[in-house]
Amino acid sequence: MSIFDDKTTYSLARLHEPLLAWYDTCKREIPWRGASSSYFVWVSEIMLQQTRVEAVRAYFLRFTAALPTLQHLAECDEQTLLKLWEGLGYYNRVRNMQKAAKIVMEQYGGELPRSYELLLTLPGIGEYTAGAIASIAYNIPVPCVDGNVMRVLSRVTANSADITLSSVKKDYQVLAQSMIPMDDSSNSPALQDRSSPRAGDFNQSLMELGATVCVPNGAPLCDVCPIQTQCKAFLSGNPQHYPVKTAKTARKIEKKTIVILMYGDQVLLQKRPNSGLLAGLWEFWSMDGWLNRDELTNALMEQGIFANAIHSLKKAKHIFSHIEWQMQGYLVYLEKLSTIGGGEWVKLTDLRENYALPSALKAYSKELERWVLP
DNA sequence: AAAGCGGGGTC
DNA sequence: GACCCAGCTTT
């Protein structure tokens with residue numbers, strides 16, 4: 001039983017006309033829009049997961065310049081890959097994308113399959129991304145339902161169902177599917193074999209409207225909306241009541257001590273584990289909890305390290321979606337080069353060019369540059 | 001169904 | 001502060 005009745009579905013049947021007309025004249029200029037390969041569509045869609053268009057622009061241009069084809073991606077070493085993704089977050093996205101690229105090279109002759117179901121089997125490609133690639137790159141008439149689409153459609157229909165429920169998302173996918181403009185001259189029985197020259201544009205028109213007009217955070221710009229007169233939430237004067245979502249669980253706080261160990265123009269880095277938070281990225285030596293100067297000196301001595309000088313750095317905070325790091329920092333000059341388990345001494349120039357550090361440590365990597373420059 | 005997974009913009 | 005973002009994977 002769907003949250004949408006037949007009458008609601010029928011009332012949206014021809015909404016593609018004003019949406020496409022609006023999209024044709026008002027869409028933003030975006031690097032991956034226009035005549036682009038399925039590979040470029042794929043790269044952009046992975047980058048856009050939980051990430052705004054404005055944040056993606058520069059990353060997309062740099063990434064596709066370095067790795068212009070799917071084969072380049074499949075053959076890239078992981079260190080370079082993570083450096084290209086540095087600062088964009090959700091780093092498993094790029095590792096999964098490379099896994100998928102290797103599969104595409106081996107099983108599909110180097111081109112992404114022209115099938116929603118086959119796309120869905122690739123690592124890192126879920127229902128949204130499979131629908132986006134299939135419709136935007138190949139004009140296959142399948143929906144792609146993201147946060148924008150659910151926000152727009154929940155307002156248009158004034159529907160209060162909780163969009164965090166997977167059953168509700170399914171109903172939005174069915175509704176979005178029914179809205180895709182179909183070429184009536186084709187009469188193939190299988191929907192996905194039928195032609196829909198504007199399936200990709202239509203899906204993008206819904207997302208573009210959500211991103212630029214039917215916005216989250218505060219009041220939407222209903223006065224410039226092309227489907228204002230057909231929006232139930234606008235007509236009731238309460239678009240900001242939609243969509244309805246249940247609250248997220250609270251973040252937990254973790255205290256850490258960040259220690260920048262230096263010797264000459266080298267700094268000690270450690271590689272994070274291959275799974276979990278910030279998997280595969282590099283970081284400074286660190287310990288759980290806040291250590292004062294004496295405790296740090298003792299901790300270093302236990303590692304067989306004797307500090308020449310210990311400088312206290314400012315406290316710093318970084319907020320992830322589910323964790324908050326509260327960090328106390330130190331910069332330590334060593335008397336002689338000592339190795340710590342699992343660590344690697346890296347020259348500053350090498351660090352800047354080749355080692356991916358999480359943005360969570362940005363305050364301390366800046367401190368490092370400040371101490372070294374003069 | 002819920003939790004883990006980044007980082008930044010906006011109000 | 002809280003909320004959200006062209007979501008996916010694991011538990």
# chains A, B, ... in the order shown; residues from 1 in each chain; ligands from 1
$ residues_around --residues "segment 1-3 of chain B" --least-positions-apart "2" --cutoff "12 Å" --atoms "only C-alpha atoms (C1' of nucleotides)" --output "PDB file with all heavy atoms, in the first residue's frame"
ATOM      1  N   THR A 164      12.781   9.074   6.082  1.00  0.00           N
ATOM      2  CA  THR A 164      13.923   8.246   6.461  1.00  0.00           C
ATOM      3  C   THR A 164      13.563   6.756   6.424  1.00  0.00           C
ATOM      4  O   THR A 164      14.450   5.912   6.518  1.00  0.00           O
ATOM      5  CB  THR A 164      14.431   8.593   7.879  1.00  0.00           C
ATOM      6  OG1 THR A 164      13.414   8.294   8.834  1.00  0.00           O
ATOM      7  CG2 THR A 164      14.802  10.051   7.975  1.00  0.00           C
ATOM      8  N   LEU A 165      12.286   6.435   6.262  1.00  0.00           N
ATOM      9  CA  LEU A 165      11.869   5.028   6.176  1.00  0.00           C
ATOM     10  C   LEU A 165      12.092   4.515   4.756  1.00  0.00           C
ATOM     11  O   LEU A 165      11.733   5.175   3.777  1.00  0.00           O
ATOM     12  CB  LEU A 165      10.389   4.884   6.556  1.00  0.00           C
ATOM     13  CG  LEU A 165      10.002   5.329   7.982  1.00  0.00           C
ATOM     14  CD1 LEU A 165       8.492   5.225   8.179  1.00  0.00           C
ATOM     15  CD2 LEU A 165      10.746   4.481   9.012  1.00  0.00           C
ATOM     16  N   SER A 166      12.648   3.313   4.651  1.00  0.00           N
ATOM     17  CA  SER A 166      12.944   2.781   3.316  1.00  0.00           C
ATOM     18  C   SER A 166      11.666   2.497   2.529  1.00  0.00           C
ATOM     19  O   SER A 166      11.645   2.608   1.307  1.00  0.00           O
ATOM     20  CB  SER A 166      13.800   1.526   3.419  1.00  0.00           C
ATOM     21  OG  SER A 166      13.160   0.566   4.220  1.00  0.00           O
ATOM     22  N   SER A 167      10.590   2.141   3.228  1.00  0.00           N
ATOM     23  CA  SER A 167       9.329   1.883   2.530  1.00  0.00           C
ATOM     24  C   SER A 167       8.804   3.155   1.877  1.00  0.00           C
ATOM     25  O   SER A 167       8.244   3.123   0.770  1.00  0.00           O
ATOM     26  CB  SER A 167       8.299   1.336   3.512  1.00  0.00           C
ATOM     27  OG  SER A 167       8.067   2.289   4.550  1.00  0.00           O
ATOM     28  N   LYS A 248      18.101  12.413  14.244  1.00  0.00           N
ATOM     29  CA  LYS A 248      19.267  11.528  14.267  1.00  0.00           C
ATOM     30  C   LYS A 248      19.776  11.356  15.696  1.00  0.00           C
ATOM     31  O   LYS A 248      19.479  12.148  16.579  1.00  0.00           O
ATOM     32  CB  LYS A 248      20.380  12.117  13.408  1.00  0.00           C
ATOM     33  CG  LYS A 248      20.099  12.028  11.924  1.00  0.00           C
ATOM     34  CD  LYS A 248      21.209  12.735  11.160  1.00  0.00           C
ATOM     35  CE  LYS A 248      20.742  13.093   9.767  1.00  0.00           C
ATOM     36  NZ  LYS A 248      21.589  14.108   9.167  1.00  0.00           N
ATOM     37  N   THR A 249      20.564  10.314  15.901  1.00  0.00           N
ATOM     38  CA  THR A 249      21.146  10.084  17.226  1.00  0.00           C
ATOM     39  C   THR A 249      22.272  11.088  17.484  1.00  0.00           C
ATOM     40  O   THR A 249      22.897  11.592  16.565  1.00  0.00           O
ATOM     41  CB  THR A 249      21.707   8.664  17.318  1.00  0.00           C
ATOM     42  OG1 THR A 249      22.664   8.491  16.272  1.00  0.00           O
ATOM     43  CG2 THR A 249      20.611   7.644  17.153  1.00  0.00           C
ATOM     44  N   ALA A 250      22.501  11.343  18.741  1.00  0.00           N
ATOM     45  CA  ALA A 250      23.490  12.363  19.116  1.00  0.00           C
ATOM     46  C   ALA A 250      24.910  11.892  18.826  1.00  0.00           C
ATOM     47  O   ALA A 250      25.194  10.697  18.821  1.00  0.00           O
ATOM     48  CB  ALA A 250      23.336  12.689  20.593  1.00  0.00           C
ATOM     49  N   ARG A 251      25.796  12.877  18.585  1.00  0.00           N
ATOM     50  CA  ARG A 251      27.217  12.570  18.390  1.00  0.00           C
ATOM     51  C   ARG A 251      27.877  12.201  19.701  1.00  0.00           C
ATOM     52  O   ARG A 251      27.490  12.685  20.761  1.00  0.00           O
ATOM     53  CB  ARG A 251      27.918  13.807  17.841  1.00  0.00           C
ATOM     54  CG  ARG A 251      28.006  13.876  16.360  1.00  0.00           C
ATOM     55  CD  ARG A 251      28.896  15.038  15.984  1.00  0.00           C
ATOM     56  NE  ARG A 251      28.252  16.299  16.231  1.00  0.00           N
ATOM     57  CZ  ARG A 251      27.455  16.919  15.382  1.00  0.00           C
ATOM     58  NH1 ARG A 251      27.183  16.349  14.222  1.00  0.00           N
ATOM     59  NH2 ARG A 251      26.925  18.073  15.670  1.00  0.00           N
ATOM     60  N   SER A 321      29.904  13.621  11.164  1.00  0.00           N
ATOM     61  CA  SER A 321      28.458  13.474  11.335  1.00  0.00           C
ATOM     62  C   SER A 321      28.117  12.719  12.622  1.00  0.00           C
ATOM     63  O   SER A 321      27.106  12.986  13.241  1.00  0.00           O
ATOM     64  CB  SER A 321      27.844  12.788  10.119  1.00  0.00           C
ATOM     65  OG  SER A 321      28.747  11.894   9.527  1.00  0.00           O
ATOM     66  N   HIS A 322      28.959  11.795  13.053  1.00  0.00           N
ATOM     67  CA  HIS A 322      28.600  10.960  14.199  1.00  0.00           C
ATOM     68  C   HIS A 322      29.591  11.036  15.358  1.00  0.00           C
ATOM     69  O   HIS A 322      29.378  10.416  16.395  1.00  0.00           O
ATOM     70  CB  HIS A 322      28.451   9.509  13.746  1.00  0.00           C
ATOM     71  CG  HIS A 322      29.698   8.949  13.111  1.00  0.00           C
ATOM     72  ND1 HIS A 322      30.306   9.562  12.037  1.00  0.00           N
ATOM     73  CD2 HIS A 322      30.453   7.878  13.392  1.00  0.00           C
ATOM     74  CE1 HIS A 322      31.371   8.861  11.697  1.00  0.00           C
ATOM     75  NE2 HIS A 322      31.487   7.830  12.509  1.00  0.00           N
TER      76      HIS A 322
ATOM     77  P    DC B   5      32.988   4.480  11.462  1.00  0.00           P
ATOM     78  OP1  DC B   5      34.171   3.611  11.329  1.00  0.00           O
ATOM     79  OP2  DC B   5      32.860   5.391  12.610  1.00  0.00           O
ATOM     80  O5'  DC B   5      32.858   5.353  10.139  1.00  0.00           O
ATOM     81  C5'  DC B   5      33.092   4.709   8.890  1.00  0.00           C
ATOM     82  C4'  DC B   5      32.683   5.631   7.782  1.00  0.00           C
ATOM     83  O4'  DC B   5      31.246   5.793   7.777  1.00  0.00           O
ATOM     84  C3'  DC B   5      33.254   7.069   7.873  1.00  0.00           C
ATOM     85  O3'  DC B   5      33.953   7.372   6.690  1.00  0.00           O
ATOM     86  C2'  DC B   5      32.009   7.929   7.987  1.00  0.00           C
ATOM     87  C1'  DC B   5      30.997   7.062   7.243  1.00  0.00           C
ATOM     88  N1   DC B   5      29.601   7.443   7.463  1.00  0.00           N
ATOM     89  C2   DC B   5      28.707   7.363   6.391  1.00  0.00           C
ATOM     90  O2   DC B   5      29.119   6.957   5.306  1.00  0.00           O
ATOM     91  N3   DC B   5      27.423   7.730   6.562  1.00  0.00           N
ATOM     92  C4   DC B   5      27.022   8.181   7.752  1.00  0.00           C
ATOM     93  N4   DC B   5      25.748   8.534   7.863  1.00  0.00           N
ATOM     94  C5   DC B   5      27.910   8.264   8.859  1.00  0.00           C
ATOM     95  C6   DC B   5      29.177   7.884   8.677  1.00  0.00           C
TER      96       DC B   5
ATOM     97  P    DT C   9      27.024   0.124  -2.209  1.00  0.00           P
ATOM     98  OP1  DT C   9      28.017  -0.414  -3.135  1.00  0.00           O
ATOM     99  OP2  DT C   9      25.604  -0.245  -2.308  1.00  0.00           O
ATOM    100  O5'  DT C   9      27.500  -0.189  -0.722  1.00  0.00           O
ATOM    101  C5'  DT C   9      28.729   0.338  -0.260  1.00  0.00           C
ATOM    102  C4'  DT C   9      28.992  -0.131   1.150  1.00  0.00           C
ATOM    103  O4'  DT C   9      28.125   0.560   2.080  1.00  0.00           O
ATOM    104  C3'  DT C   9      28.776  -1.628   1.378  1.00  0.00           C
ATOM    105  O3'  DT C   9      29.915  -2.149   2.015  1.00  0.00           O
ATOM    106  C2'  DT C   9      27.531  -1.702   2.255  1.00  0.00           C
ATOM    107  C1'  DT C   9      27.557  -0.365   2.977  1.00  0.00           C
ATOM    108  N1   DT C   9      26.227   0.187   3.359  1.00  0.00           N
ATOM    109  C2   DT C   9      26.015   0.591   4.654  1.00  0.00           C
ATOM    110  O2   DT C   9      26.853   0.498   5.518  1.00  0.00           O
ATOM    111  N3   DT C   9      24.765   1.107   4.903  1.00  0.00           N
ATOM    112  C4   DT C   9      23.731   1.261   4.001  1.00  0.00           C
ATOM    113  O4   DT C   9      22.665   1.745   4.345  1.00  0.00           O
ATOM    114  C5   DT C   9      24.015   0.813   2.661  1.00  0.00           C
ATOM    115  C7   DT C   9      22.959   0.928   1.613  1.00  0.00           C
ATOM    116  C6   DT C   9      25.232   0.306   2.397  1.00  0.00           C
ATOM    117  P    DT C  10      30.013  -3.708   2.400  1.00  0.00           P
ATOM    118  OP1  DT C  10      31.431  -4.069   2.227  1.00  0.00           O
ATOM    119  OP2  DT C  10      28.947  -4.455   1.703  1.00  0.00           O
ATOM    120  O5'  DT C  10      29.676  -3.717   3.957  1.00  0.00           O
ATOM    121  C5'  DT C  10      30.384  -2.822   4.816  1.00  0.00           C
ATOM    122  C4'  DT C  10      29.809  -2.887   6.221  1.00  0.00           C
ATOM    123  O4'  DT C  10      28.514  -2.253   6.253  1.00  0.00           O
ATOM    124  C3'  DT C  10      29.620  -4.305   6.778  1.00  0.00           C
ATOM    125  O3'  DT C  10      30.143  -4.328   8.082  1.00  0.00           O
ATOM    126  C2'  DT C  10      28.098  -4.495   6.763  1.00  0.00           C
ATOM    127  C1'  DT C  10      27.619  -3.064   6.983  1.00  0.00           C
ATOM    128  N1   DT C  10      26.270  -2.745   6.488  1.00  0.00           N
ATOM    129  C2   DT C  10      25.389  -2.091   7.324  1.00  0.00           C
ATOM    130  O2   DT C  10      25.668  -1.773   8.452  1.00  0.00           O
ATOM    131  N3   DT C  10      24.167  -1.811   6.767  1.00  0.00           N
ATOM    132  C4   DT C  10      23.738  -2.122   5.489  1.00  0.00           C
ATOM    133  O4   DT C  10      22.620  -1.818   5.105  1.00  0.00           O
ATOM    134  C5   DT C  10      24.710  -2.818   4.669  1.00  0.00           C
ATOM    135  C7   DT C  10      24.340  -3.199   3.279  1.00  0.00           C
ATOM    136  C6   DT C  10      25.905  -3.089   5.202  1.00  0.00           C
ATOM    137  P    DT C  11      30.257  -5.690   8.931  1.00  0.00           P
ATOM    138  OP1  DT C  11      31.528  -5.633   9.672  1.00  0.00           O
ATOM    139  OP2  DT C  11      29.944  -6.834   8.042  1.00  0.00           O
ATOM    140  O5'  DT C  11      29.051  -5.541   9.969  1.00  0.00           O
ATOM    141  C5'  DT C  11      28.979  -4.372  10.775  1.00  0.00           C
ATOM    142  C4'  DT C  11      27.707  -4.389  11.599  1.00  0.00           C
ATOM    143  O4'  DT C  11      26.588  -3.985  10.766  1.00  0.00           O
ATOM    144  C3'  DT C  11      27.352  -5.766  12.168  1.00  0.00           C
ATOM    145  O3'  DT C  11      27.002  -5.632  13.525  1.00  0.00           O
ATOM    146  C2'  DT C  11      26.137  -6.205  11.358  1.00  0.00           C
ATOM    147  C1'  DT C  11      25.510  -4.855  11.035  1.00  0.00           C
ATOM    148  N1   DT C  11      24.634  -4.860   9.840  1.00  0.00           N
ATOM    149  C2   DT C  11      23.453  -4.156   9.881  1.00  0.00           C
ATOM    150  O2   DT C  11      23.089  -3.536  10.848  1.00  0.00           O
ATOM    151  N3   DT C  11      22.718  -4.214   8.729  1.00  0.00           N
ATOM    152  C4   DT C  11      23.041  -4.893   7.561  1.00  0.00           C
ATOM    153  O4   DT C  11      22.300  -4.875   6.602  1.00  0.00           O
ATOM    154  C5   DT C  11      24.284  -5.617   7.595  1.00  0.00           C
ATOM    155  C7   DT C  11      24.724  -6.389   6.386  1.00  0.00           C
ATOM    156  C6   DT C  11      25.023  -5.564   8.716  1.00  0.00           C
TER     157       DT C  11
END
$ select_by_dssp --residues "segment 54-107 of chain A" --states "helix (DSSP H, G or I)" --output "PyMOL selection string"
chain A and resi 54-66+70-75+78-85+92-107
$ write_last_selection --atoms "N, CA and C atoms" --output "CSV table (one decimal), in the first residue's frame"
chain,number,residue,atom,x,y,z
A,54,GLU,N,28.6,22.8,-5.5
A,54,GLU,CA,29.6,23.8,-5.4
A,54,GLU,C,30.9,23.2,-4.9
A,55,ALA,N,30.8,22.3,-4.0
A,55,ALA,CA,32.0,21.6,-3.4
A,55,ALA,C,32.6,20.7,-4.4
A,56,VAL,N,31.8,20.2,-5.3
A,56,VAL,CA,32.3,19.1,-6.2
A,56,VAL,C,33.1,19.7,-7.4
A,57,ARG,N,32.7,20.9,-7.9
A,57,ARG,CA,33.2,21.5,-9.1
A,57,ARG,C,34.7,21.3,-9.3
A,58,ALA,N,35.5,21.8,-8.3
A,58,ALA,CA,37.0,21.8,-8.5
A,58,ALA,C,37.5,20.4,-8.4
A,59,TYR,N,36.9,19.6,-7.5
A,59,TYR,CA,37.4,18.2,-7.4
A,59,TYR,C,37.2,17.4,-8.7
A,60,PHE,N,36.0,17.7,-9.3
A,60,PHE,CA,35.7,17.0,-10.6
A,60,PHE,C,36.7,17.3,-11.7
A,61,LEU,N,37.0,18.6,-11.8
A,61,LEU,CA,37.9,19.0,-12.8
A,61,LEU,C,39.3,18.5,-12.6
A,62,ARG,N,39.8,18.5,-11.4
A,62,ARG,CA,41.1,18.0,-11.1
A,62,ARG,C,41.2,16.5,-11.3
A,63,PHE,N,40.1,15.8,-10.8
A,63,PHE,CA,40.1,14.3,-10.9
A,63,PHE,C,40.1,13.8,-12.3
A,64,THR,N,39.2,14.4,-13.2
A,64,THR,CA,39.1,14.0,-14.6
A,64,THR,C,40.3,14.4,-15.4
A,65,ALA,N,41.0,15.5,-15.0
A,65,ALA,CA,42.2,15.8,-15.7
A,65,ALA,C,43.3,14.8,-15.4
A,66,ALA,N,43.4,14.3,-14.2
A,66,ALA,CA,44.4,13.4,-13.8
A,66,ALA,C,44.1,12.0,-14.3
A,70,LEU,N,38.1,5.7,-17.7
A,70,LEU,CA,37.8,4.7,-16.8
A,70,LEU,C,39.0,3.8,-16.6
A,71,GLN,N,39.8,3.6,-17.7
A,71,GLN,CA,41.0,2.7,-17.6
A,71,GLN,C,42.0,3.4,-16.7
A,72,HIS,N,42.2,4.7,-16.8
A,72,HIS,CA,43.1,5.4,-15.9
A,72,HIS,C,42.8,5.2,-14.5
A,73,LEU,N,41.5,5.3,-14.2
A,73,LEU,CA,41.0,5.1,-12.8
A,73,LEU,C,41.3,3.7,-12.3
A,74,ALA,N,41.0,2.7,-13.2
A,74,ALA,CA,41.2,1.3,-12.8
A,74,ALA,C,42.7,1.0,-12.5
A,75,GLU,N,43.6,1.7,-13.2
A,75,GLU,CA,45.0,1.4,-13.0
A,75,GLU,C,45.8,2.4,-12.0
A,78,GLU,N,46.6,3.5,-5.2
A,78,GLU,CA,45.7,4.0,-4.2
A,78,GLU,C,46.1,5.3,-3.5
A,79,GLN,N,47.4,5.5,-3.4
A,79,GLN,CA,48.0,6.7,-2.8
A,79,GLN,C,47.5,8.0,-3.6
A,80,THR,N,47.7,7.9,-4.9
A,80,THR,CA,47.3,9.0,-5.8
A,80,THR,C,45.8,9.2,-5.7
A,81,LEU,N,45.1,8.1,-5.7
A,81,LEU,CA,43.6,8.2,-5.7
A,81,LEU,C,43.1,8.9,-4.5
A,82,LEU,N,43.6,8.6,-3.3
A,82,LEU,CA,43.2,9.2,-2.1
A,82,LEU,C,43.6,10.7,-2.0
A,83,LYS,N,44.8,11.0,-2.6
A,83,LYS,CA,45.2,12.4,-2.7
A,83,LYS,C,44.3,13.2,-3.5
A,84,LEU,N,43.8,12.6,-4.6
A,84,LEU,CA,42.8,13.3,-5.5
A,84,LEU,C,41.5,13.6,-4.7
A,85,TRP,N,41.2,12.7,-3.8
A,85,TRP,CA,39.9,12.8,-3.0
A,85,TRP,C,40.1,13.6,-1.7
A,92,ASN,N,35.5,5.9,1.3
A,92,ASN,CA,35.2,4.7,0.7
A,92,ASN,C,34.6,4.8,-0.7
A,93,ARG,N,34.0,6.0,-1.0
A,93,ARG,CA,33.4,6.3,-2.3
A,93,ARG,C,34.5,6.0,-3.4
A,94,VAL,N,35.7,6.6,-3.2
A,94,VAL,CA,36.7,6.5,-4.3
A,94,VAL,C,37.3,5.1,-4.3
A,95,ARG,N,37.4,4.4,-3.1
A,95,ARG,CA,37.9,3.1,-3.2
A,95,ARG,C,36.9,2.1,-3.9
A,96,ASN,N,35.6,2.3,-3.6
A,96,ASN,CA,34.6,1.5,-4.2
A,96,ASN,C,34.6,1.8,-5.7
A,97,MET,N,34.8,3.1,-6.1
A,97,MET,CA,34.7,3.4,-7.5
A,97,MET,C,35.8,2.7,-8.3
A,98,GLN,N,37.0,2.6,-7.6
A,98,GLN,CA,38.1,1.9,-8.3
A,98,GLN,C,37.8,0.4,-8.4
A,99,LYS,N,37.3,-0.2,-7.3
A,99,LYS,CA,36.9,-1.6,-7.4
A,99,LYS,C,36.0,-1.8,-8.6
A,100,ALA,N,35.0,-0.9,-8.7
A,100,ALA,CA,34.0,-1.0,-9.8
A,100,ALA,C,34.7,-0.9,-11.2
A,101,ALA,N,35.6,0.1,-11.2
A,101,ALA,CA,36.3,0.3,-12.5
A,101,ALA,C,37.1,-0.9,-13.0
A,102,LYS,N,37.7,-1.6,-12.0
A,102,LYS,CA,38.4,-2.9,-12.4
A,102,LYS,C,37.4,-3.9,-12.9
A,103,ILE,N,36.2,-4.0,-12.3
A,103,ILE,CA,35.2,-5.0,-12.7
A,103,ILE,C,34.8,-4.6,-14.1
A,104,VAL,N,34.5,-3.3,-14.4
A,104,VAL,CA,34.1,-2.9,-15.7
A,104,VAL,C,35.1,-3.2,-16.8
A,105,MET,N,36.4,-3.0,-16.4
A,105,MET,CA,37.5,-3.3,-17.4
A,105,MET,C,37.5,-4.8,-17.7
A,106,GLU,N,37.3,-5.6,-16.7
A,106,GLU,CA,37.4,-7.1,-16.9
A,106,GLU,C,36.1,-7.7,-17.5
A,107,GLN,N,34.9,-7.2,-17.1
A,107,GLN,CA,33.7,-7.8,-17.4
A,107,GLN,C,32.9,-7.1,-18.5
$ interface_residues --of "chain C" --to "chain A" --cutoff "9 Å" --atoms "only C-alpha atoms (C1' of nucleotides)" --output "PyMOL selection string"
chain C and resi 3-9
$ select_by_dssp --residues "segment 154-283 of chain A" --states "strand (DSSP E)" --output "JSON, numbers by chain"
{"A": [252, 253, 254, 255, 256, 257, 258, 259, 260, 261, 262, 263, 266, 267, 268, 269, 270, 271, 282, 283]}
$ residues_around --residues "segment 159-163 of chain A" --least-positions-apart "3" --cutoff "10 Å" --atoms "only C-alpha atoms (C1' of nucleotides)" --output "short mmCIF file (atom, residue, chain, number, x, y, z; two decimals) with N, CA, C and O atoms, in the first residue's frame"
data_model
loop_
_atom_site.label_atom_id
_atom_site.label_comp_id
_atom_site.auth_asym_id
_atom_site.auth_seq_id
_atom_site.Cartn_x
_atom_site.Cartn_y
_atom_site.Cartn_z
N ILE A 3 1.97 5.31 -0.02
CA ILE A 3 1.54 6.53 0.65
C ILE A 3 0.88 7.49 -0.33
O ILE A 3 0.32 8.51 0.08
N PHE A 4 0.93 7.18 -1.63
CA PHE A 4 0.31 8.02 -2.65
C PHE A 4 -0.87 7.29 -3.27
O PHE A 4 -0.74 6.15 -3.71
N GLY A 147 17.74 13.22 -1.87
CA GLY A 147 17.12 14.11 -0.90
C GLY A 147 16.37 15.26 -1.55
O GLY A 147 15.29 15.65 -1.08
N MET A 150 12.93 13.91 -2.95
CA MET A 150 11.94 13.64 -1.91
C MET A 150 11.44 14.93 -1.27
O MET A 150 10.27 15.04 -0.91
N ARG A 151 12.32 15.93 -1.16
CA ARG A 151 11.87 17.20 -0.60
C ARG A 151 10.86 17.87 -1.54
O ARG A 151 9.79 18.31 -1.11
N LEU A 153 8.99 16.49 -3.98
CA LEU A 153 7.74 15.75 -4.15
C LEU A 153 6.92 15.69 -2.86
O LEU A 153 5.69 15.65 -2.91
N SER A 154 7.59 15.71 -1.70
CA SER A 154 6.83 15.73 -0.45
C SER A 154 6.08 17.05 -0.31
O SER A 154 4.97 17.09 0.23
N ARG A 155 6.67 18.13 -0.84
CA ARG A 155 6.00 19.43 -0.79
C ARG A 155 4.88 19.50 -1.83
O ARG A 155 3.77 19.96 -1.53
N VAL A 156 5.18 19.06 -3.04
CA VAL A 156 4.16 19.09 -4.09
C VAL A 156 2.91 18.33 -3.66
O VAL A 156 1.79 18.76 -3.89
N SER A 166 12.65 3.31 4.65
CA SER A 166 12.94 2.78 3.32
C SER A 166 11.67 2.50 2.53
O SER A 166 11.64 2.61 1.31
N SER A 167 10.59 2.14 3.23
CA SER A 167 9.33 1.88 2.53
C SER A 167 8.80 3.15 1.88
O SER A 167 8.24 3.12 0.77
N VAL A 168 9.00 4.29 2.55
CA VAL A 168 8.56 5.57 2.01
C VAL A 168 9.39 5.96 0.79
O VAL A 168 8.88 6.43 -0.23
N LYS A 169 10.69 5.71 0.85
CA LYS A 169 11.55 6.01 -0.30
C LYS A 169 11.11 5.21 -1.52
O LYS A 169 11.10 5.72 -2.64
N LYS A 170 10.74 3.95 -1.30
CA LYS A 170 10.26 3.13 -2.42
C LYS A 170 9.04 3.76 -3.08
O LYS A 170 8.92 3.78 -4.30
N ASP A 171 8.12 4.27 -2.25
CA ASP A 171 6.92 4.90 -2.82
C ASP A 171 7.29 6.14 -3.64
O ASP A 171 6.69 6.40 -4.69
N TYR A 172 8.29 6.91 -3.19
CA TYR A 172 8.73 8.07 -3.98
C TYR A 172 9.37 7.63 -5.29
O TYR A 172 9.23 8.29 -6.32
N LYS A 232 0.81 21.46 -3.45
CA LYS A 232 -0.14 21.48 -2.34
C LYS A 232 0.42 22.21 -1.13
O LYS A 232 -0.30 22.89 -0.41
N ALA A 233 1.73 22.06 -0.88
CA ALA A 233 2.31 22.73 0.30
C ALA A 233 2.29 24.24 0.12
O ALA A 233 2.00 24.99 1.06
N HIS A 241 7.01 22.81 6.27
CA HIS A 241 6.64 21.65 7.10
C HIS A 241 7.08 20.33 6.48
O HIS A 241 6.97 19.28 7.11
N TYR A 242 7.58 20.40 5.24
CA TYR A 242 7.96 19.17 4.54
C TYR A 242 9.42 19.26 4.11
O TYR A 242 9.91 20.36 3.85
N PRO A 243 10.11 18.12 4.00
CA PRO A 243 9.65 16.78 4.35
C PRO A 243 9.76 16.52 5.85
O PRO A 243 10.47 17.23 6.55
N VAL A 244 9.09 15.48 6.30
CA VAL A 244 9.17 15.06 7.69
C VAL A 244 10.27 14.00 7.83
O VAL A 244 10.33 13.06 7.04
N LYS A 245 11.17 14.20 8.79
CA LYS A 245 12.24 13.24 9.05
C LYS A 245 12.36 13.02 10.55
O LYS A 245 12.19 13.95 11.31
N THR A 246 12.68 11.79 10.95
CA THR A 246 12.93 11.54 12.37
C THR A 246 14.33 12.02 12.74
O THR A 246 15.23 12.08 11.91
#
$ closest_residue --among "A:Gly342, A:Gly276, A:Pro31, A:Gly109" --to "chain B" --atoms "only C-alpha atoms (C1' of nucleotides)"
A:Gly276
$ residues_around --residues "Met301 of chain A" --least-positions-apart "6" --cutoff "12 Å" --atoms "only C-alpha atoms (C1' of nucleotides)" --output "count of residues only"
6
$ atom_distance --atom1 "atom CA of Arg14 of chain A" --atom2 "atom CA of Glu117 of chain A"
27.0 Å
$ atom_distance --atom1 "atom CA of Ser2 of chain A" --atom2 "atom CA of Gly131 of chain A"
20.7 Å
$ interface_residues --of "chain B" --to "chain A" --cutoff "7 Å" --atoms "only C-alpha atoms (C1' of nucleotides)" --output "compact mmCIF listing (two decimals) with C-alpha atoms (C1' of nucleotides), in the first residue's frame"
# COMPACT_ATOMS: atom_id res chain seq x y z
C1' DC B 5 31.00 7.06 7.24
C1' DG B 6 33.34 13.71 5.95
C1' DG B 7 33.17 17.95 5.44
C1' DT B 10 23.19 27.80 6.07
C1' DC B 11 20.03 29.61 9.30
$ atom_distance --atom1 "atom CA of Ala316 of chain A" --atom2 "atom CA of Arg272 of chain A"
20.0 Å
